[in-house]
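coords_26.cif (mmCIF, C-alpha atoms) appears below.
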data_start
loop_
_atom_site.label_atom_id
_atom_site.label_comp_id
_atom_site.auth_asym_id
_atom_site.auth_seq_id
_atom_site.Cartn_x
_atom_site.Cartn_y
_atom_site.Cartn_z
CA MET T 10 39.56 -17.82 -43.09
CA PRO T 11 36.56 -20.10 -43.86
CA GLY T 12 37.10 -21.76 -40.48
CA GLY T 13 37.06 -18.39 -38.74
CA LEU T 14 33.86 -17.44 -40.58
CA VAL T 15 32.21 -20.70 -39.53
CA ALA T 16 33.26 -20.12 -35.92
CA LEU T 17 31.87 -16.58 -36.07
CA LEU T 18 28.59 -17.85 -37.48
CA ASP T 19 28.44 -20.46 -34.70
CA ASP T 20 28.95 -17.72 -32.11
CA VAL T 21 26.24 -15.59 -33.70
CA ALA T 22 23.87 -18.57 -33.75
CA ALA T 23 24.61 -19.30 -30.09
CA LEU T 24 23.98 -15.66 -29.15
CA ALA T 25 20.73 -15.71 -31.14
CA LYS T 26 19.58 -18.82 -29.30
CA LEU T 27 20.48 -17.23 -25.97
CA ALA T 28 18.63 -14.06 -26.88
CA ALA T 29 15.59 -16.07 -28.01
CA ALA T 30 15.61 -18.02 -24.73
CA SER T 31 15.82 -14.76 -22.79
CA VAL T 32 12.90 -13.33 -24.77
CA ASP T 33 10.92 -16.49 -24.08
CA ASP T 34 11.73 -16.19 -20.35
CA VAL T 35 10.65 -12.56 -20.28
CA ALA T 36 7.49 -13.24 -22.29
CA GLY T 37 6.51 -16.19 -20.12
CA ALA T 38 7.19 -14.33 -16.90
CA ALA T 39 5.31 -11.26 -18.13
CA GLY T 40 2.36 -13.39 -19.18
CA ARG T 41 2.10 -15.12 -15.80
CA ALA T 42 2.55 -11.89 -13.88
CA GLY T 43 0.06 -10.00 -16.04
CA PHE T 44 -2.59 -12.70 -15.59
CA LYS T 45 -2.35 -12.44 -11.81
CA ALA T 46 -3.01 -8.69 -12.06
CA ALA T 47 -6.20 -9.24 -14.05
CA GLY T 48 -8.52 -8.05 -11.28
CA VAL T 49 -6.89 -4.65 -10.99
CA VAL T 50 -6.63 -4.32 -14.78
CA ILE T 51 -10.37 -4.87 -15.17
CA ASP T 52 -11.06 -2.37 -12.41
CA ASP T 53 -8.73 0.15 -14.07
CA THR T 54 -10.58 -0.32 -17.37
CA ALA T 55 -13.93 0.14 -15.67
CA VAL T 56 -12.90 3.23 -13.68
CA THR T 57 -11.13 5.33 -16.32
CA PRO T 58 -14.05 6.18 -18.69
CA ARG T 59 -15.73 8.27 -16.00
CA TYR T 60 -12.98 10.89 -16.31
CA VAL T 61 -14.10 11.89 -19.81
CA VAL T 62 -17.84 11.93 -19.12
CA GLY T 63 -19.27 15.38 -19.75
CA LEU T 64 -16.29 16.62 -21.74
CA PRO T 65 -16.43 17.57 -25.45
CA PRO T 66 -16.28 14.48 -27.70
CA SER T 67 -13.41 16.03 -29.66
CA ARG T 68 -11.27 16.02 -26.50
CA GLU T 69 -12.04 12.45 -25.35
CA LEU T 70 -9.22 10.69 -27.20
CA PRO T 71 -6.59 13.39 -26.45
CA ILE T 72 -7.49 13.17 -22.76
CA ILE T 73 -7.22 9.37 -22.78
CA TRP T 74 -3.83 9.72 -24.50
CA LYS T 75 -2.64 12.09 -21.75
CA ILE T 76 -3.87 9.71 -19.04
CA ALA T 77 -2.17 6.76 -20.77
CA LEU T 78 1.14 8.63 -20.92
CA GLY T 79 0.81 9.54 -17.25
CA SER T 80 0.07 5.89 -16.43
CA LEU T 81 3.11 4.68 -18.35
CA ARG T 82 5.30 7.29 -16.63
CA ASN T 83 3.99 6.14 -13.25
CA LYS T 84 4.80 2.51 -13.98
CA LEU T 85 8.20 2.86 -15.67
CA LEU T 86 9.79 5.83 -13.88
CA PHE T 87 8.50 5.45 -10.33
CA ILE T 88 6.85 2.12 -9.54
CA LEU T 89 9.14 -0.25 -11.48
CA PRO T 90 12.43 1.00 -9.90
CA ALA T 91 10.82 0.99 -6.45
CA ALA T 92 9.52 -2.55 -6.97
CA LEU T 93 12.93 -3.82 -8.13
CA ALA T 94 14.71 -2.14 -5.21
CA LEU T 95 12.24 -3.74 -2.85
CA SER T 96 12.79 -7.19 -4.35
CA VAL T 97 16.59 -6.81 -3.97
CA PHE T 98 16.97 -5.09 -0.59
CA ALA T 99 13.79 -6.09 1.24
CA PRO T 100 12.27 -9.19 -0.40
CA TRP T 101 10.69 -10.10 2.94
CA ALA T 102 8.43 -7.07 2.56
CA VAL T 103 6.91 -8.17 -0.75
CA THR T 104 4.36 -10.58 0.76
CA PRO T 105 3.11 -8.15 3.46
CA ILE T 106 2.79 -5.38 0.88
CA LEU T 107 0.93 -7.73 -1.45
CA MET T 108 -1.41 -8.66 1.41
CA ILE T 109 -2.03 -4.99 2.13
CA GLY T 110 -2.83 -4.47 -1.55
CA GLY T 111 -5.05 -7.57 -1.53
CA SER T 112 -6.89 -6.26 1.53
CA TYR T 113 -7.41 -2.95 -0.24
CA LEU T 114 -8.88 -4.78 -3.26
CA CYS T 115 -11.21 -6.73 -0.96
CA PHE T 116 -12.24 -3.51 0.78
CA GLU T 117 -12.95 -1.73 -2.50
CA ALA T 118 -15.05 -4.62 -3.80
CA SER T 119 -16.92 -5.12 -0.51
CA GLU T 120 -17.60 -1.40 -0.24
CA LYS T 121 -19.13 -1.35 -3.72
CA ILE T 122 -21.29 -4.36 -2.84
CA PHE T 123 -22.34 -2.69 0.43
CA GLU T 124 -23.27 0.52 -1.39
CA ALA T 125 -25.28 -1.40 -3.99
CA LEU T 126 -27.20 -3.30 -1.30
CA SER T 127 -27.79 -0.33 0.99
CA GLY T 128 -28.49 2.20 -1.75
CA THR T 129 -25.88 4.60 -0.41
CA HIS T 130 -23.18 6.04 -2.63
CA HIS T 131 -20.31 8.38 -2.02
CA ALA T 132 -21.01 11.63 -3.79
CA ALA T 133 -18.23 12.65 -6.12
CA GLU T 134 -16.63 15.96 -5.27
CA VAL T 135 -17.07 18.06 -8.38
CA ALA T 136 -15.82 21.60 -8.58
CA THR T 137 -17.45 24.16 -10.84
CA ILE T 138 -14.81 25.13 -13.40
CA ASP T 139 -15.67 27.39 -16.32
CA ASP T 140 -12.33 27.13 -18.15
CA PRO T 141 -12.35 23.98 -20.35
CA ALA T 142 -8.55 23.73 -20.25
CA GLU T 143 -8.54 23.87 -16.45
CA LEU T 144 -11.32 21.26 -16.28
CA GLU T 145 -9.40 18.97 -18.63
CA ALA T 146 -6.21 19.36 -16.61
CA ARG T 147 -8.14 18.57 -13.42
CA GLN T 148 -9.66 15.43 -14.93
CA VAL T 149 -6.32 14.19 -16.26
CA SER T 150 -4.64 14.86 -12.93
CA GLY T 151 -7.33 12.97 -11.02
CA ALA T 152 -7.21 10.03 -13.41
CA VAL T 153 -3.42 9.79 -13.21
CA ARG T 154 -3.54 9.85 -9.40
CA THR T 155 -6.09 7.05 -9.36
CA ASP T 156 -4.08 5.13 -11.94
CA PHE T 157 -0.97 5.41 -9.75
CA ILE T 158 -2.69 3.45 -6.99
CA LEU T 159 -3.99 0.80 -9.38
CA SER T 160 -0.66 0.62 -11.21
CA ALA T 161 1.21 0.12 -7.94
CA GLU T 162 -1.07 -2.82 -7.14
CA ILE T 163 -0.59 -4.26 -10.64
CA MET T 164 3.19 -4.06 -10.44
CA ALA T 165 3.28 -5.44 -6.89
CA ILE T 166 1.10 -8.39 -7.90
CA ALA T 167 3.26 -8.97 -10.97
CA LEU T 168 6.45 -8.77 -8.91
CA GLY T 169 5.10 -11.40 -6.55
CA ASP T 170 5.18 -13.94 -9.40
CA LEU T 171 8.81 -13.20 -10.36
CA PRO T 172 10.81 -14.04 -7.21
CA ASP T 173 13.24 -16.64 -8.61
CA LEU T 174 14.27 -14.84 -11.78
CA SER T 175 17.35 -12.72 -12.37
CA LEU T 176 17.16 -8.98 -11.84
CA GLY T 177 17.42 -8.31 -15.57
CA VAL T 178 14.59 -10.71 -16.45
CA ARG T 179 12.44 -9.27 -13.66
CA ALA T 180 13.05 -5.72 -14.89
CA ALA T 181 12.28 -6.66 -18.50
CA ALA T 182 9.19 -8.66 -17.50
CA LEU T 183 7.84 -5.84 -15.32
CA GLY T 184 8.53 -3.36 -18.12
CA ALA T 185 6.69 -5.61 -20.59
CA VAL T 186 3.77 -5.94 -18.16
CA ALA T 187 3.66 -2.15 -17.69
CA ILE T 188 3.61 -1.42 -21.42
CA ALA T 189 1.22 -4.23 -22.38
CA ILE T 190 -1.26 -3.43 -19.63
CA THR T 191 -1.19 0.30 -20.35
CA VAL T 192 -1.72 -0.21 -24.08
CA GLY T 193 -4.42 -2.80 -23.46
CA VAL T 194 -6.31 -0.85 -20.81
CA TYR T 195 -6.33 2.50 -22.55
CA GLY T 196 -6.91 0.98 -25.98
CA VAL T 197 -10.05 -0.66 -24.62
CA VAL T 198 -11.02 2.53 -22.78
CA ALA T 199 -10.72 4.50 -26.02
CA LEU T 200 -13.00 2.01 -27.79
CA ILE T 201 -15.52 2.11 -24.96
CA VAL T 202 -15.59 5.92 -24.81
CA LYS T 203 -16.03 6.27 -28.58
CA MET T 204 -18.45 3.36 -28.96
CA ASP T 205 -21.50 5.59 -28.84
CA ASP T 206 -19.97 7.95 -31.43
CA ILE T 207 -19.21 4.99 -33.69
CA GLY T 208 -22.77 3.79 -33.19
CA LEU T 209 -24.24 7.19 -34.03
CA HIS T 210 -22.11 7.33 -37.17
CA LEU T 211 -23.23 3.88 -38.30
CA SER T 212 -26.88 4.59 -37.48
CA GLY T 213 -26.86 7.33 -40.10
CA ARG T 214 -25.59 5.11 -42.91
CA SER T 215 -27.82 4.00 -45.78
CA SER T 216 -27.35 0.29 -45.14
CA PRO T 217 -30.06 -1.18 -42.86
CA ALA T 218 -27.52 -3.62 -41.42
CA LEU T 219 -25.10 -0.83 -40.48
CA ARG T 220 -27.93 1.22 -38.98
CA THR T 221 -28.95 -1.76 -36.86
CA ILE T 222 -25.37 -2.26 -35.70
CA GLY T 223 -25.06 1.43 -34.91
CA ARG T 224 -28.24 1.51 -32.82
CA GLY T 225 -27.06 -1.64 -31.07
CA LEU T 226 -23.73 -0.04 -30.15
CA VAL T 227 -25.45 3.03 -28.72
CA ALA T 228 -27.84 0.88 -26.71
CA ALA T 229 -25.03 -1.41 -25.52
CA MET T 230 -22.88 1.41 -24.12
CA PRO T 231 -24.54 1.71 -20.67
CA VAL T 232 -24.97 -2.08 -20.45
CA LEU T 233 -21.27 -2.59 -21.16
CA LEU T 234 -20.19 -0.05 -18.55
CA GLN T 235 -22.45 -1.69 -15.98
CA ALA T 236 -21.12 -5.16 -16.85
CA LEU T 237 -17.54 -3.92 -16.58
CA SER T 238 -18.32 -2.52 -13.15
CA HIS T 239 -19.72 -5.86 -11.92
CA LEU T 240 -16.86 -7.80 -13.49
CA GLY T 241 -14.33 -5.50 -11.87
CA VAL T 242 -15.88 -6.05 -8.44
CA ALA T 243 -15.88 -9.84 -8.87
CA ALA T 244 -12.30 -9.85 -10.12
CA MET T 245 -11.09 -7.62 -7.28
CA VAL T 246 -12.58 -9.78 -4.54
CA TRP T 247 -11.32 -12.99 -6.17
CA VAL T 248 -7.79 -11.70 -6.78
CA GLY T 249 -7.61 -9.96 -3.41
CA GLY T 250 -8.79 -13.06 -1.57
CA GLY T 251 -6.32 -15.21 -3.47
CA ILE T 252 -3.46 -12.89 -2.51
CA LEU T 253 -4.45 -13.09 1.14
CA LEU T 254 -4.69 -16.90 1.10
CA HIS T 255 -1.29 -17.16 -0.57
CA GLY T 256 0.16 -14.75 1.99
CA LEU T 257 -1.17 -16.85 4.86
CA GLU T 258 0.63 -19.87 3.40
CA GLU T 259 3.85 -17.87 3.15
CA PHE T 260 3.60 -17.07 6.87
CA GLY T 261 2.94 -20.70 7.80
CA LEU T 262 -0.79 -20.20 8.43
CA GLY T 263 -1.99 -22.63 5.81
CA ALA T 264 -5.12 -24.08 7.46
CA ILE T 265 -7.62 -21.90 5.56
CA PRO T 266 -5.79 -21.99 2.19
CA GLN T 267 -5.40 -25.75 2.45
CA ALA T 268 -9.09 -26.14 3.31
CA VAL T 269 -10.02 -24.19 0.18
CA HIS T 270 -7.60 -26.28 -1.89
CA HIS T 271 -8.94 -29.58 -0.52
CA LEU T 272 -12.52 -28.45 -1.13
CA ALA T 273 -11.65 -27.57 -4.73
CA GLU T 274 -10.00 -30.96 -5.25
CA ALA T 275 -12.97 -32.81 -3.74
CA ALA T 276 -15.41 -30.92 -5.97
CA ALA T 277 -13.29 -31.73 -9.02
CA HIS T 278 -13.12 -35.44 -8.17
CA ALA T 279 -16.89 -35.52 -7.68
CA SER T 280 -17.49 -34.12 -11.16
CA PRO T 281 -17.49 -36.53 -14.12
CA VAL T 282 -16.50 -33.78 -16.58
CA ALA T 283 -14.40 -30.61 -16.68
CA GLN T 284 -12.58 -31.45 -13.48
CA GLY T 285 -9.91 -28.80 -14.05
CA VAL T 286 -12.53 -26.11 -14.59
CA ILE T 287 -14.48 -27.21 -11.51
CA GLU T 288 -11.35 -27.19 -9.36
CA TRP T 289 -10.40 -23.70 -10.54
CA LEU T 290 -13.94 -22.39 -10.10
CA VAL T 291 -14.32 -23.72 -6.55
CA GLY T 292 -10.86 -22.41 -5.64
CA ALA T 293 -11.75 -18.99 -7.04
CA LEU T 294 -15.04 -18.98 -5.13
CA GLY T 295 -13.19 -19.91 -1.95
CA ALA T 296 -10.76 -17.05 -2.49
CA ALA T 297 -13.70 -14.72 -3.16
CA VAL T 298 -15.43 -15.77 0.07
CA ALA T 299 -12.23 -15.12 2.01
CA GLY T 300 -11.92 -11.75 0.28
CA LEU T 301 -15.52 -10.82 1.10
CA ILE T 302 -14.99 -11.69 4.77
CA VAL T 303 -11.85 -9.57 5.04
CA GLY T 304 -13.34 -6.76 2.97
CA GLY T 305 -16.56 -6.84 4.98
CA VAL T 306 -14.65 -6.48 8.23
CA ILE T 307 -12.76 -3.48 6.88
CA VAL T 308 -15.97 -1.91 5.55
CA GLY T 309 -17.56 -2.41 8.95
CA ILE T 310 -14.65 -0.71 10.66
CA MET T 311 -14.58 2.17 8.19
CA HIS T 312 -18.29 2.82 7.64
CA ILE T 313 -20.60 0.97 10.00
CA LEU T 314 -19.06 1.37 13.45
CA PRO T 315 -19.92 4.74 15.03
CA ARG T 316 -17.20 7.32 14.86
CA LYS T 317 -16.38 9.62 17.72
CA ARG T 318 -17.71 13.06 16.93
CA PRO T 319 -15.42 15.93 17.87
CA VAL T 320 -16.77 18.09 20.67
CA SER T 321 -17.33 21.71 19.71
CA ALA T 322 -16.24 24.62 21.86
CA GLU T 323 -19.85 25.47 22.75
CA GLU T 324 -20.63 21.89 23.87
CA HIS T 325 -17.41 21.75 25.87
CA ALA T 326 -18.35 24.93 27.63
#

Encoded form using structure tokens:
Amino acid sequence: MPGGLVALLDDVAALAKLAAASVDDVAGAAGRAGFKAAGVVIDDTAVTPRYVVGLPPSRELPIIWKIALGSLRNKLLFILPAALALSVFAPWAVTPILMIGGSYLCFEASEKIFEALSGTHHAAEVATIDDPAELEARQVSGAVRTDFILSAEIMAIALGDLPDLSLGVRAAALGAVAIAITVGVYGVVALIVKMDDIGLHLSGRSSPALRTIGRGLVAAMPVLLQALSHLGVAAMVWVGGGILLHGLEEFGLGAIPQAVHHLAEAAAHASPVAQGVIEWLVGALGAAVAGLIVGGVIVGIMHILPRKRPVSAEEHA
């Protein structure tokens, strides 16, 4: 009996070690995959607050909660199964899809840069809705649709870093990425949206220090949103360019990626300090330049080149 108990305890210990190793594998894979999706995550964080602008402050957090639930549903019920099926039945399609997503990121970033330089902006289509409930439903629906696109890019980028793992580990890692990113993004969005309210509350306190902090939070709100916008653009063009360079290597077209890599190594060797940081920075700048070139071409095709105007019946006559 004691021998059987010892054997049972040994089995339990072995299973515990196996489970711990599996958790470590999932955590490590999720961490690597989530880091590669940083550009889209930052953009998602920067985009979402606009959907609660102009709505009653009492409804801001409930609306963010609804958007977060819609985002999680998108990732877990639709995108994750589709991504896993793709990795099993058509793994060859992952790189082209990633490159399409990377091109889209480059286009989005380049378009924002073009608009900032030219002073032109796309006017948002806003419908006049008197019913607050209908307006709220419209805003949530629009945010969830936008999030679906960004979430698909996040999951595709994450999947691209999990090719050699078992299906179970990939599923668990993608699920962990989906939950962690959703909680992180919408937790930060909630703080950003309520930062001015927190600042107003603190500015009315009796303590001079709290009043100063409160006024600082209120003043920092527009600066923070602007900084997030710029950071999102930079991250999109860097991540998108990096995806494209990696895709070129996968297709055997490694001249440009190798040139960027050699340039980064040369810059690191020429620096007496922080060689790793220099190599990463030059590599990221190279990826960003590649992203700006691709994005600029797409922007030119979409917005600069003249479009053929349809001929009206009167002109045809």

Pick from T:Leu209, T:Trp289, T:Gly223, T:Leu200, whichever lies nearest to Glu69 in chain T using all atoms listed in the file: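 Closest to Glu69 in chain T of all the choices is T:Leu200.
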
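Here CA of Gly110 in chain T stands at a distance of 7.5 Å from CA of Gly249 in chain T.
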
Result set of the PyMOL selection byres ((chain T and resi 80-94) around 7) on the coordinates above, as a PyMOL selection string: chain T and resi 76-79+95-98+153+156-157+160-161+165+183-184+187-188+191

Nearest to Ile163 in chain T by atom-to-atom distance, counting all atoms listed in the file, from T:Val149, T:Val248, T:Ala279, T:Val242: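 For Ile163 in chain T, the nearest of the candidates is T:Val248.
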
Kindly provide the residues of range 166-265 of chain T that approach range 293-317 of chain T to within 6 Å, each paired with its closest atom pair and their distance in Å to one decimal, based on all atoms listed in the file, listed by chain and increasing number, as a Markdown table.
| residue | atom | partner | partner_atom | distance |
| --- | --- | --- | --- | --- |
| T:Val246 | CA | T:Gly300 | CA | 5.2 |
| T:Trp247 | CA | T:Ala297 | CA | 4.2 |
| T:Gly249 | CA | T:Gly300 | CA | 5.9 |
| T:Gly250 | CA | T:Gly300 | CA | 3.9 |
| T:Gly251 | CA | T:Ala296 | CA | 4.9 |

Å distance separating CA of Ile287 in chain T from CA of Ala268 in chain T, one decimal place: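 Calculated distance between CA of Ile287 in chain T and CA of Ala268 in chain T is 15.8 Å.
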